[in-house]
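Novice: My structure file run-v1.txt, compact mmCIF, C-alpha atoms and all ligand atoms, is below:
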```
# COMPACT_ATOMS: atom_id res chain seq x y z
CA MET A 1 103.77 -85.09 -5.55
CA GLU A 2 107.24 -86.00 -6.63
CA ILE A 3 109.74 -86.35 -3.81
CA ASN A 4 112.90 -84.30 -3.94
CA SER A 5 115.96 -86.55 -4.17
CA HIS A 6 118.16 -84.49 -1.87
CA LYS A 7 117.61 -83.97 1.82
CA ILE A 8 116.70 -80.40 2.75
CA THR A 9 117.84 -79.66 6.28
CA VAL A 10 116.68 -76.76 8.43
CA THR A 11 120.09 -75.11 8.27
CA LYS A 12 123.54 -75.61 6.80
CA PRO A 13 126.64 -73.73 7.90
CA PHE A 14 128.30 -71.36 5.45
CA LEU A 15 131.91 -72.13 4.64
CA PRO A 16 134.11 -69.60 2.86
CA PRO A 17 136.46 -70.75 0.07
CA LYS A 18 139.00 -73.13 1.58
CA GLU A 19 142.00 -71.37 -0.06
CA GLU A 20 141.09 -68.22 1.83
CA PHE A 21 141.09 -70.09 5.12
CA ASN A 22 144.44 -71.64 4.21
CA LYS A 23 145.95 -68.15 4.05
CA TYR A 24 145.01 -67.70 7.68
CA THR A 25 146.32 -71.11 8.72
CA ASP A 26 149.65 -70.12 7.10
CA ILE A 27 149.72 -67.07 9.36
CA ILE A 28 148.97 -69.23 12.41
CA TRP A 29 151.67 -71.77 11.51
CA GLU A 30 154.12 -68.93 11.09
CA SER A 31 153.35 -67.21 14.42
CA LYS A 32 152.67 -70.42 16.39
CA TRP A 33 150.18 -68.33 18.36
CA LEU A 34 147.11 -70.53 18.71
CA THR A 35 145.06 -68.95 21.49
CA ASN A 36 145.13 -66.43 24.40
CA ASN A 37 144.43 -63.07 22.72
CA GLY A 38 146.41 -63.69 19.55
CA PRO A 39 146.69 -61.19 16.69
CA LEU A 40 143.75 -62.66 14.76
CA HIS A 41 141.63 -62.55 17.91
CA ASP A 42 142.36 -58.85 18.35
CA GLU A 43 141.79 -58.07 14.68
CA PHE A 44 138.49 -59.94 14.70
CA GLU A 45 137.35 -58.22 17.89
CA GLU A 46 137.89 -54.83 16.30
CA LYS A 47 136.35 -55.67 12.93
CA VAL A 48 133.32 -57.44 14.31
CA SER A 49 132.65 -54.53 16.71
CA ASN A 50 132.65 -52.18 13.74
CA TYR A 51 130.28 -54.40 11.84
CA LEU A 52 127.92 -54.69 14.81
CA LYS A 53 128.23 -50.94 15.51
CA ILE A 54 129.00 -51.58 19.18
CA GLY A 55 131.39 -49.71 21.45
CA ASN A 56 132.69 -52.40 23.80
CA ALA A 57 133.12 -56.02 22.85
CA CYS A 58 134.72 -59.12 24.30
CA LEU A 59 135.12 -62.42 22.43
CA PHE A 60 134.50 -65.87 23.90
CA SER A 61 134.82 -69.52 22.93
CA ASN A 62 131.04 -69.78 22.62
CA GLY A 63 127.85 -67.86 23.28
CA HIS A 64 126.78 -69.81 26.33
CA LEU A 65 129.92 -69.09 28.33
CA ALA A 66 129.67 -65.45 27.26
CA LEU A 67 126.17 -65.32 28.74
CA ASP A 68 127.33 -67.12 31.87
CA ILE A 69 130.13 -64.59 32.31
CA ALA A 70 127.79 -61.63 31.76
CA ILE A 71 125.70 -62.88 34.70
CA LYS A 72 128.82 -63.33 36.84
CA ALA A 73 130.21 -59.91 35.94
CA LEU A 74 126.97 -58.20 37.01
CA GLU A 75 127.01 -60.15 40.31
CA LEU A 76 123.32 -60.90 40.04
CA LYS A 77 121.45 -62.32 43.02
CA GLY A 78 118.05 -63.92 43.64
CA GLU A 79 115.57 -63.88 40.79
CA VAL A 80 115.89 -63.16 37.09
CA ILE A 81 112.82 -62.47 34.96
CA THR A 82 113.17 -64.30 31.67
CA THR A 83 111.41 -66.11 28.85
CA PRO A 84 110.70 -69.83 28.59
CA PHE A 85 110.55 -69.59 24.78
CA THR A 86 114.25 -69.95 24.12
CA PHE A 87 117.14 -72.34 23.71
CA ALA A 88 118.32 -74.32 26.76
CA SER A 89 121.33 -72.01 27.14
CA THR A 90 119.38 -68.98 28.41
CA THR A 91 117.72 -70.77 31.31
CA HIS A 92 120.74 -72.92 32.15
CA ALA A 93 122.93 -69.82 32.42
CA ILE A 94 120.56 -68.47 35.07
CA THR A 95 120.18 -71.63 37.15
CA MET A 96 123.85 -72.64 36.94
CA ASN A 97 124.68 -69.33 38.61
CA GLY A 98 122.43 -70.22 41.54
CA LEU A 99 119.71 -67.83 40.42
CA THR A 100 116.00 -68.52 40.07
CA PRO A 101 114.40 -67.96 36.67
CA ILE A 102 111.00 -66.29 36.88
CA PHE A 103 109.23 -67.00 33.62
CA CYS A 104 107.27 -64.30 31.92
CA ASP A 105 104.80 -64.98 29.09
CA ILE A 106 105.58 -63.95 25.51
CA GLU A 107 104.00 -61.82 22.78
CA LEU A 108 102.10 -63.71 20.09
CA GLU A 109 103.41 -61.47 17.30
CA THR A 110 107.16 -61.52 17.98
CA PHE A 111 107.49 -64.52 20.35
CA ASN A 112 109.59 -62.24 22.60
CA ILE A 113 109.07 -61.68 26.32
CA ASP A 114 105.90 -59.62 26.86
CA ALA A 115 107.35 -56.50 28.48
CA ASN A 116 103.90 -55.48 29.68
CA LYS A 117 103.81 -58.54 31.94
CA ILE A 118 107.21 -58.04 33.56
CA THR A 119 106.28 -55.59 36.33
CA ASP A 120 103.82 -58.04 37.92
CA LEU A 121 106.66 -60.54 38.39
CA ILE A 122 109.06 -58.18 40.18
CA THR A 123 109.72 -58.95 43.84
CA ASP A 124 112.32 -57.66 46.28
CA LYS A 125 114.53 -60.54 45.12
CA THR A 126 114.54 -59.55 41.45
CA SER A 127 117.95 -58.45 40.22
CA ALA A 128 117.69 -58.58 36.43
CA ILE A 129 115.75 -59.18 33.24
CA LEU A 130 117.22 -61.66 30.77
CA ALA A 131 115.32 -61.27 27.51
CA VAL A 132 115.91 -62.97 24.17
CA HIS A 133 115.62 -61.34 20.72
CA VAL A 134 113.88 -64.45 19.44
CA PHE A 135 114.68 -65.27 15.78
CA GLY A 136 116.52 -61.95 15.63
CA ASN A 137 113.43 -59.80 16.18
CA PRO A 138 114.17 -57.08 18.75
CA CYS A 139 112.37 -57.13 22.10
CA ASN A 140 110.36 -54.18 23.32
CA ILE A 141 113.57 -52.45 24.32
CA ILE A 142 112.02 -49.13 25.30
CA LYS A 143 109.58 -50.67 27.77
CA ILE A 144 112.21 -53.02 29.22
CA GLU A 145 114.61 -50.12 29.73
CA GLN A 146 111.89 -48.10 31.43
CA ILE A 147 111.11 -50.95 33.86
CA ALA A 148 114.80 -51.57 34.54
CA ASN A 149 115.33 -47.90 35.39
CA GLU A 150 112.28 -47.70 37.59
CA TYR A 151 113.10 -50.85 39.61
CA ASN A 152 116.88 -50.63 39.39
CA LEU A 153 117.32 -53.90 37.53
CA LYS A 154 120.11 -55.03 35.22
CA VAL A 155 119.23 -56.04 31.67
CA ILE A 156 120.89 -58.76 29.63
CA TYR A 157 119.82 -59.53 26.08
CA ASP A 158 120.41 -62.97 24.68
CA ALA A 159 121.08 -61.74 21.14
CA ALA A 160 122.27 -65.16 19.98
CA HIS A 161 119.99 -64.88 16.94
CA ALA A 162 120.46 -61.19 16.30
CA PHE A 163 123.89 -60.82 14.67
CA GLY A 164 123.80 -57.77 12.39
CA VAL A 165 120.32 -56.68 13.45
CA GLU A 166 119.84 -52.94 13.80
CA LEU A 167 117.13 -50.88 15.44
CA TYR A 168 116.73 -47.26 14.29
CA GLY A 169 120.14 -47.69 12.63
CA ASN A 170 121.81 -48.66 15.93
CA GLY A 171 123.45 -52.02 16.45
CA ILE A 172 121.13 -54.20 18.54
CA GLY A 173 124.02 -54.79 20.96
CA ASN A 174 123.82 -51.21 22.22
CA TYR A 175 120.84 -51.87 24.48
CA GLY A 176 120.82 -53.20 28.03
CA ASP A 177 123.88 -53.79 30.21
CA PHE A 178 124.98 -56.75 28.12
CA SER A 179 124.08 -58.39 24.84
CA MET A 180 125.34 -61.82 23.90
CA PHE A 181 125.82 -62.86 20.27
CA SER A 182 126.39 -66.51 19.43
CA LEU A 183 128.77 -67.36 16.61
CA HIS A 184 127.90 -71.04 16.54
CA ALA A 185 128.12 -72.86 13.18
CA THR A 186 124.33 -72.98 12.88
CA LYS A 187 123.82 -69.25 13.40
CA VAL A 188 123.54 -66.58 10.72
CA PHE A 189 127.21 -65.71 11.19
CA HIS A 190 129.76 -68.04 12.72
CA SER A 191 133.34 -68.53 13.86
CA ILE A 192 132.86 -72.33 14.06
CA GLU A 193 131.90 -71.78 17.69
CA GLY A 194 132.13 -68.42 19.37
CA GLY A 195 130.44 -65.71 21.35
CA ILE A 196 130.55 -61.96 21.79
CA LEU A 197 129.52 -59.81 24.70
CA SER A 198 128.64 -56.24 23.90
CA PHE A 199 128.42 -54.06 26.99
CA LYS A 200 127.74 -50.54 28.18
CA GLU A 201 130.37 -49.95 30.87
CA SER A 202 133.90 -50.04 29.43
CA GLU A 203 135.35 -50.69 32.94
CA LEU A 204 133.93 -54.20 32.66
CA LYS A 205 136.43 -55.22 29.99
CA PRO A 206 139.27 -56.28 32.34
CA ILE A 207 136.80 -58.24 34.47
CA LEU A 208 135.47 -60.10 31.44
CA SER A 209 139.01 -60.81 30.26
CA LYS A 210 139.83 -62.33 33.62
CA TYR A 211 136.64 -64.39 33.78
CA LYS A 212 137.40 -66.03 30.45
CA ASN A 213 140.95 -66.93 31.49
CA PHE A 214 140.64 -68.57 34.94
CA GLY A 215 140.52 -65.22 36.72
CA ILE A 216 144.20 -64.68 36.01
CA ALA A 217 145.34 -61.05 36.25
CA ASP A 218 149.06 -61.70 35.76
CA GLU A 219 151.61 -64.43 36.37
CA GLU A 220 151.31 -64.30 40.14
CA ASN A 221 147.81 -62.99 40.67
CA VAL A 222 144.53 -64.81 40.27
CA GLU A 223 141.86 -62.35 41.24
CA LEU A 224 138.63 -64.20 40.72
CA VAL A 225 137.25 -67.69 40.21
CA GLY A 226 137.05 -67.75 36.46
CA LEU A 227 136.61 -70.28 33.72
CA ASN A 228 138.20 -71.03 30.40
CA ALA A 229 136.19 -69.35 27.66
CA LYS A 230 138.76 -67.87 25.31
CA MET A 231 138.33 -67.65 21.55
CA ASN A 232 141.22 -69.26 19.70
CA GLU A 233 142.98 -68.12 16.52
CA PHE A 234 141.26 -70.62 14.23
CA GLN A 235 137.89 -69.39 15.36
CA ALA A 236 138.98 -65.78 14.89
CA ALA A 237 140.28 -66.62 11.39
CA MET A 238 136.92 -68.12 10.44
CA GLY A 239 135.16 -65.09 11.89
CA LEU A 240 137.37 -62.64 9.98
CA LEU A 241 136.77 -64.49 6.77
CA ASN A 242 133.04 -64.81 7.25
CA LEU A 243 132.75 -61.09 7.90
CA LYS A 244 133.62 -60.60 4.23
CA TYR A 245 130.55 -62.59 3.26
CA ILE A 246 127.97 -61.65 5.88
CA GLU A 247 126.14 -58.94 3.92
CA GLU A 248 125.85 -61.22 0.90
CA GLN A 249 124.60 -64.01 3.18
CA ILE A 250 121.91 -61.84 4.70
CA GLU A 251 120.89 -60.62 1.23
CA LYS A 252 120.41 -64.22 0.08
CA ARG A 253 118.41 -65.04 3.19
CA LYS A 254 116.22 -62.03 2.54
CA LYS A 255 115.42 -63.30 -0.96
CA ILE A 256 114.56 -66.73 0.46
CA THR A 257 112.34 -65.14 3.10
CA ASN A 258 110.53 -63.05 0.51
CA LYS A 259 110.01 -66.10 -1.70
CA TYR A 260 108.51 -68.07 1.20
CA ARG A 261 106.30 -65.11 2.07
CA GLU A 262 105.08 -64.80 -1.49
CA LEU A 263 104.28 -68.51 -1.74
CA LEU A 264 102.89 -69.19 1.74
CA ASN A 265 101.05 -65.96 2.40
CA ASP A 266 97.70 -67.24 1.23
CA VAL A 267 97.84 -70.72 2.70
CA GLU A 268 95.10 -70.88 5.30
CA GLY A 269 96.24 -71.81 8.78
CA ILE A 270 99.89 -70.86 8.24
CA ARG A 271 100.87 -67.67 10.01
CA LEU A 272 104.07 -65.90 9.01
CA VAL A 273 106.14 -63.36 10.92
CA GLU A 274 106.36 -59.93 9.31
CA ASP A 275 109.31 -57.56 9.21
CA MET A 276 109.26 -54.94 11.97
CA GLU A 277 109.36 -51.20 11.45
CA ASN A 278 112.73 -49.44 11.89
CA VAL A 279 114.56 -52.76 12.04
CA LYS A 280 117.31 -54.11 9.80
CA HIS A 281 116.65 -57.85 9.94
CA ASN A 282 119.10 -60.69 9.48
CA TYR A 283 116.57 -63.30 8.30
CA SER A 284 118.17 -65.90 10.51
CA TYR A 285 115.10 -68.16 10.76
CA PHE A 286 111.83 -68.70 8.99
CA PRO A 287 109.27 -69.58 11.66
CA VAL A 288 105.61 -70.29 10.89
CA THR A 289 102.79 -71.14 13.27
CA ILE A 290 100.18 -73.69 12.32
CA ASP A 291 96.50 -73.34 13.12
CA GLU A 292 95.30 -76.93 12.96
CA LYS A 293 91.62 -76.00 12.51
CA LYS A 294 92.35 -74.04 9.37
CA PHE A 295 95.33 -75.96 8.02
CA GLY A 296 93.94 -79.44 8.60
CA LEU A 297 97.07 -80.89 10.17
CA ASN A 298 98.64 -80.00 13.48
CA ARG A 299 102.28 -78.95 13.81
CA ASP A 300 103.54 -82.39 14.80
CA LYS A 301 101.82 -84.07 11.87
CA LEU A 302 103.09 -81.45 9.43
CA TYR A 303 106.61 -81.92 10.79
CA GLU A 304 106.33 -85.70 10.24
CA ARG A 305 104.70 -85.44 6.81
CA LEU A 306 107.39 -83.05 5.58
CA LYS A 307 110.03 -85.63 6.45
CA GLU A 308 108.40 -88.01 3.99
CA PHE A 309 109.22 -85.42 1.34
CA ASN A 310 112.84 -85.11 2.48
CA ILE A 311 112.20 -81.78 4.21
CA PHE A 312 113.61 -81.54 7.73
CA THR A 313 112.17 -78.71 9.80
CA ARG A 314 112.61 -77.99 13.52
CA LYS A 315 110.16 -77.50 16.37
CA TYR A 316 112.06 -74.50 17.54
CA PHE A 317 111.41 -73.85 20.54
CA TYR A 318 109.62 -76.89 21.80
CA PRO A 319 109.41 -77.79 24.62
CA LEU A 320 109.54 -74.58 26.65
CA THR A 321 112.63 -74.52 28.85
CA SER A 322 110.34 -74.30 31.89
CA ASP A 323 109.01 -77.75 30.93
CA PHE A 324 112.41 -79.41 30.52
CA LYS A 325 112.73 -82.68 32.46
CA CYS A 326 115.63 -81.20 34.41
CA TYR A 327 113.39 -78.33 35.59
CA ASN A 328 109.65 -78.86 35.54
CA PHE A 329 108.80 -75.36 36.69
CA ASP A 330 105.18 -74.35 36.95
CA SER A 331 104.26 -73.10 33.49
CA ARG A 332 100.51 -72.77 33.89
CA ASN A 333 100.54 -69.02 33.40
CA LEU A 334 102.63 -69.14 30.26
CA ILE A 335 99.59 -69.27 28.00
CA ASN A 336 101.02 -67.65 24.88
CA ALA A 337 104.37 -69.35 25.23
CA LYS A 338 102.66 -72.73 25.41
CA LEU A 339 100.45 -71.96 22.42
CA VAL A 340 103.37 -70.82 20.26
CA SER A 341 105.62 -73.66 21.37
CA ASP A 342 102.95 -76.24 20.48
CA ASN A 343 102.29 -74.80 17.04
CA ILE A 344 105.57 -73.43 15.76
CA LEU A 345 107.77 -74.87 13.06
CA THR A 346 110.92 -73.33 11.62
CA LEU A 347 111.34 -74.02 7.92
CA PRO A 348 114.69 -74.56 6.18
CA ILE A 349 116.69 -71.39 5.60
CA TYR A 350 120.38 -70.92 4.84
CA SER A 351 122.12 -68.83 2.25
CA GLU A 352 122.70 -71.70 -0.18
CA LEU A 353 119.11 -72.92 -0.11
CA THR A 354 117.89 -72.43 -3.68
CA LEU A 355 114.70 -70.60 -4.58
CA ASP A 356 113.65 -73.82 -6.33
CA ASP A 357 113.92 -75.61 -3.00
CA VAL A 358 111.83 -72.89 -1.38
CA GLU A 359 109.26 -73.39 -4.11
CA TYR A 360 109.34 -77.16 -3.56
CA ILE A 361 108.89 -76.80 0.22
CA SER A 362 106.05 -74.32 -0.22
CA ASP A 363 104.35 -76.54 -2.84
CA ILE A 364 104.51 -79.52 -0.49
CA ILE A 365 103.01 -77.48 2.34
CA TYR A 366 100.22 -76.34 0.02
CA HIS A 367 99.72 -79.92 -1.16
CA LEU A 368 99.45 -81.17 2.44
CA TYR A 369 96.98 -78.39 3.20
CA SER A 370 94.71 -79.09 0.24
CA ASN A 371 94.62 -82.82 0.84
C1 LIG A 401 122.65 -70.71 20.13
C2 LIG A 401 122.00 -70.06 21.29
C3 LIG A 401 122.69 -69.84 22.50
C4 LIG A 401 124.02 -70.44 22.82
O1 LIG A 401 125.03 -70.06 21.98
P1 LIG A 401 126.28 -71.05 21.73
O2 LIG A 401 127.21 -70.19 20.95
O3 LIG A 401 125.77 -72.23 20.97
O4 LIG A 401 126.85 -71.43 23.04
C5 LIG A 401 122.04 -69.12 23.49
N1 LIG A 401 120.80 -68.64 23.33
C6 LIG A 401 120.11 -68.85 22.19
C7 LIG A 401 118.73 -68.28 22.07
C8 LIG A 401 120.66 -69.59 21.14
O5 LIG A 401 119.95 -69.83 20.04
```
Can you give me the file's structure in the form of structure tokens?
Specialist:
Amino acid sequence: MEINSHKITVTKPFLPPKEEFNKYTDIIWESKWLTNNGPLHDEFEEKVSNYLKIGNACLFSNGHLALDIAIKALELKGEVITTPFTFASTTHAITMNGLTPIFCDIELETFNIDANKITDLITDKTSAILAVHVFGNPCNIIKIEQIANEYNLKVIYDAAHAFGVELYGNGIGNYGDFSMFSLHATKVFHSIEGGILSFKESELKPILSKYKNFGIADEENVELVGLNAKMNEFQAAMGLLNLKYIEEQIEKRKKITNKYRELLNDVEGIRLVEDMENVKHNYSYFPVTIDEKKFGLNRDKLYERLKEFNIFTRKYFYPLTSDFKCYNFDSRNLINAKLVSDNILTLPIYSELTLDDVEYISDIIYHLYSN
């Protein structure tokens, strides 16, 4: 097989035309308002809420601090039932707030927390469920809501991957007490770095605003121990600009996804994730799981072999957060999570990835399978 001359990375951030960004920098130079709820911040907050079809939104400097503040605002105590199949942020946000993560196993189809296994983990210390819409695929929201109501638990969704996802035509941020969207450069939509909290109770807005600005209420009153997590005007400018392109971006990702599906569907030992019913997807990732017995190579070998062909994939999420060196929680019961984590690979996907590149990647995978 001929090796592609350019490196294909797992993702590449989208950048809008520079001239368009310059128009915003002119506005910023004119106003000299760089951060602290500037005009671009407020405009972005309104426009992005409309796009996400959410009622209440608050912007942050990044997704992680948004998640951290959601936990603080709900005044959670004790134990939080969560998933180990996620990015470090989810678990760190729990433990850094002095809470204990209780890990629940995941579903093999969606890689999301298995809602049917949550009830068994509830104790009198449980205060919340922190679930992740992994790769933008919605969790079993109905079941989670039912459990939360029955046991009086709060629900936070880490929707870092789920920007623009809709369920039954509703923005995914309308479920649970809080949803956190990450606007990091590597995500489907970005504001360089950034985060959004979508939330149910509008009275929470002033509390969130204080938390992200040192707890300051006004010049002489600091009402809570807050942090600094404000979105600045440059981030908001990038967000405003990228909103113009998001639909086009998702459309391109959908074409890439369909091309991969068409080309990889019949490769033995490669399992793909299907679209879900009643969901508008954002095609943020293209995960596959490898069955070594059928494919002939295990995930780690495939990952290494692909590098030889200039294709850089990610073992996303490996290891499980419960197995991180800084934690080492007992993960013996996390059977599905372990299985998925050991066999998953996310393939390159970003809006500017060409269909020829998708064909090349798929051909190489087929070549590695048949040899
Ligand atoms: C990216 C990500 C975060 C953190 O978001 P940042 O904006 O990078 O702070 C949290 N959870 C998940 C699942 C993520 O992928």
Novice: Find the residues around A:Asn298 up to 12 Å (all atoms listed in the file counted), leave out those fewer than 3 positions away in its own chain, and share them as a list in words.
Specialist: Gly269, Ile270, Thr289, Ile290, Asp291, Glu292, Lys293, Lys294, Phe295, Lys301, Leu302, Tyr303, Glu304, Arg305, Asp342, Asn343, Ile344, Leu345, Leu368 and Tyr369 of chain A
Novice: For ligand LIG 401 (chain A), which residue out of A:Lys325, A:His92, A:Lys307, A:Lys200 is the nearest one, using all atoms listed in the file?
Specialist: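 Looking only at the distances to ligand LIG 401 (chain A), the closest residue turns out to be A:His92.
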Novice: Which residues are near ligand LIG 401 (chain A) - at most 6 Å, using only C-alpha atoms and all ligand atoms? Format: as a ChimeraX atom specification.
Specialist: /A:62-64,86-87,89-90,158,160-161,182-184,193-195
Novice: I need the residues from that last selection saved to file as an mmCIF file, in the coordinates of the input (with C-alpha atoms), if you can.
Specialist:
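The resulting file, result.cif, is shown below:
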```
data_model
loop_
_atom_site.group_PDB
_atom_site.id
_atom_site.type_symbol
_atom_site.label_atom_id
_atom_site.label_comp_id
_atom_site.auth_asym_id
_atom_site.auth_seq_id
_atom_site.Cartn_x
_atom_site.Cartn_y
_atom_site.Cartn_z
ATOM 1 C CA ASN A 62 131.040 -69.780 22.620
ATOM 2 C CA GLY A 63 127.850 -67.860 23.280
ATOM 3 C CA HIS A 64 126.780 -69.810 26.330
ATOM 4 C CA THR A 86 114.250 -69.950 24.120
ATOM 5 C CA PHE A 87 117.140 -72.340 23.710
ATOM 6 C CA SER A 89 121.330 -72.010 27.140
ATOM 7 C CA THR A 90 119.380 -68.980 28.410
ATOM 8 C CA ASP A 158 120.410 -62.970 24.680
ATOM 9 C CA ALA A 160 122.270 -65.160 19.980
ATOM 10 C CA HIS A 161 119.990 -64.880 16.940
ATOM 11 C CA SER A 182 126.390 -66.510 19.430
ATOM 12 C CA LEU A 183 128.770 -67.360 16.610
ATOM 13 C CA HIS A 184 127.900 -71.040 16.540
ATOM 14 C CA GLU A 193 131.900 -71.780 17.690
ATOM 15 C CA GLY A 194 132.130 -68.420 19.370
ATOM 16 C CA GLY A 195 130.440 -65.710 21.350
#
```
Novice: Excluding A:Ser127 and residues on its chain fewer than 4 positions from it, collect all residues at most 12 Å away from it, counting only C-alpha atoms, and give them as a list in words.
Specialist: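 With the cut-off at 12 Å, the set is Ile71, Leu74, Glu75, Leu76, Lys77, Gly78, Glu79, Val80, Ile81, Thr82, Ile94, Leu99, Thr100, Pro101, Ile102, Leu121, Ile122, Thr123, Ile147, Ala148, Asn149, Tyr151, Asn152, Leu153, Lys154, Val155 and Ile156 of chain A.
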Novice: Excluding A:Cys104 and any residue of its chain fewer than 6 positions from it, enumerate the residues within 7 Å of it, using all atoms listed in the file, and give them as a list in words.
Specialist: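 Using all atoms listed in the file, the neighbours found are Ile81, Thr82, Thr83, Ile113, Lys117, Ile118 and Leu334 of chain A.
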Novice: A:Leu320: which residues within 10 Å, counting only C-alpha atoms, same-chain residues fewer than 2 positions away excluded, as a short mmCIF file (atom, residue, chain, number, x, y, z; two decimals) with C-alpha atoms, in the frame of the given file?
Specialist:
```cif
data_model
loop_
_atom_site.label_atom_id
_atom_site.label_comp_id
_atom_site.auth_asym_id
_atom_site.auth_seq_id
_atom_site.Cartn_x
_atom_site.Cartn_y
_atom_site.Cartn_z
CA THR A 83 111.41 -66.11 28.85
CA PRO A 84 110.70 -69.83 28.59
CA PHE A 85 110.55 -69.59 24.78
CA THR A 86 114.25 -69.95 24.12
CA PHE A 87 117.14 -72.34 23.71
CA ALA A 88 118.32 -74.32 26.76
CA TYR A 316 112.06 -74.50 17.54
CA PHE A 317 111.41 -73.85 20.54
CA TYR A 318 109.62 -76.89 21.80
CA SER A 322 110.34 -74.30 31.89
CA ASP A 323 109.01 -77.75 30.93
CA PHE A 324 112.41 -79.41 30.52
CA ASN A 328 109.65 -78.86 35.54
CA SER A 331 104.26 -73.10 33.49
CA LEU A 334 102.63 -69.14 30.26
CA ALA A 337 104.37 -69.35 25.23
CA LYS A 338 102.66 -72.73 25.41
CA VAL A 340 103.37 -70.82 20.26
CA SER A 341 105.62 -73.66 21.37
CA ASP A 342 102.95 -76.24 20.48
#
```
Novice: Mind checking which residues fall within 9 Å of A:Asn116, counting only C-alpha atoms, ignoring those fewer than 3 positions away in the same chain, and posting them as a list in words?
Specialist: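 Listing them by chain and then by number gives Ile113, Thr119, Asp120, Lys143 and Ile144 of chain A.
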Novice: For A:Thr186, which of A:Leu339, A:Ile349, A:Ile364, A:Ile69 is the closest residue, counting all atoms listed in the file?
Specialist: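 Of all the options, A:Ile349 lies closest to A:Thr186.
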Novice: Nearest to A:Leu208: which of A:Glu109, A:Asn50, A:Gly169, A:Leu59 is it, counting only C-alpha atoms?
Specialist: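 Between A:Glu109, A:Asn50, A:Gly169, A:Leu59, the residue approaching A:Leu208 most closely is A:Leu59.
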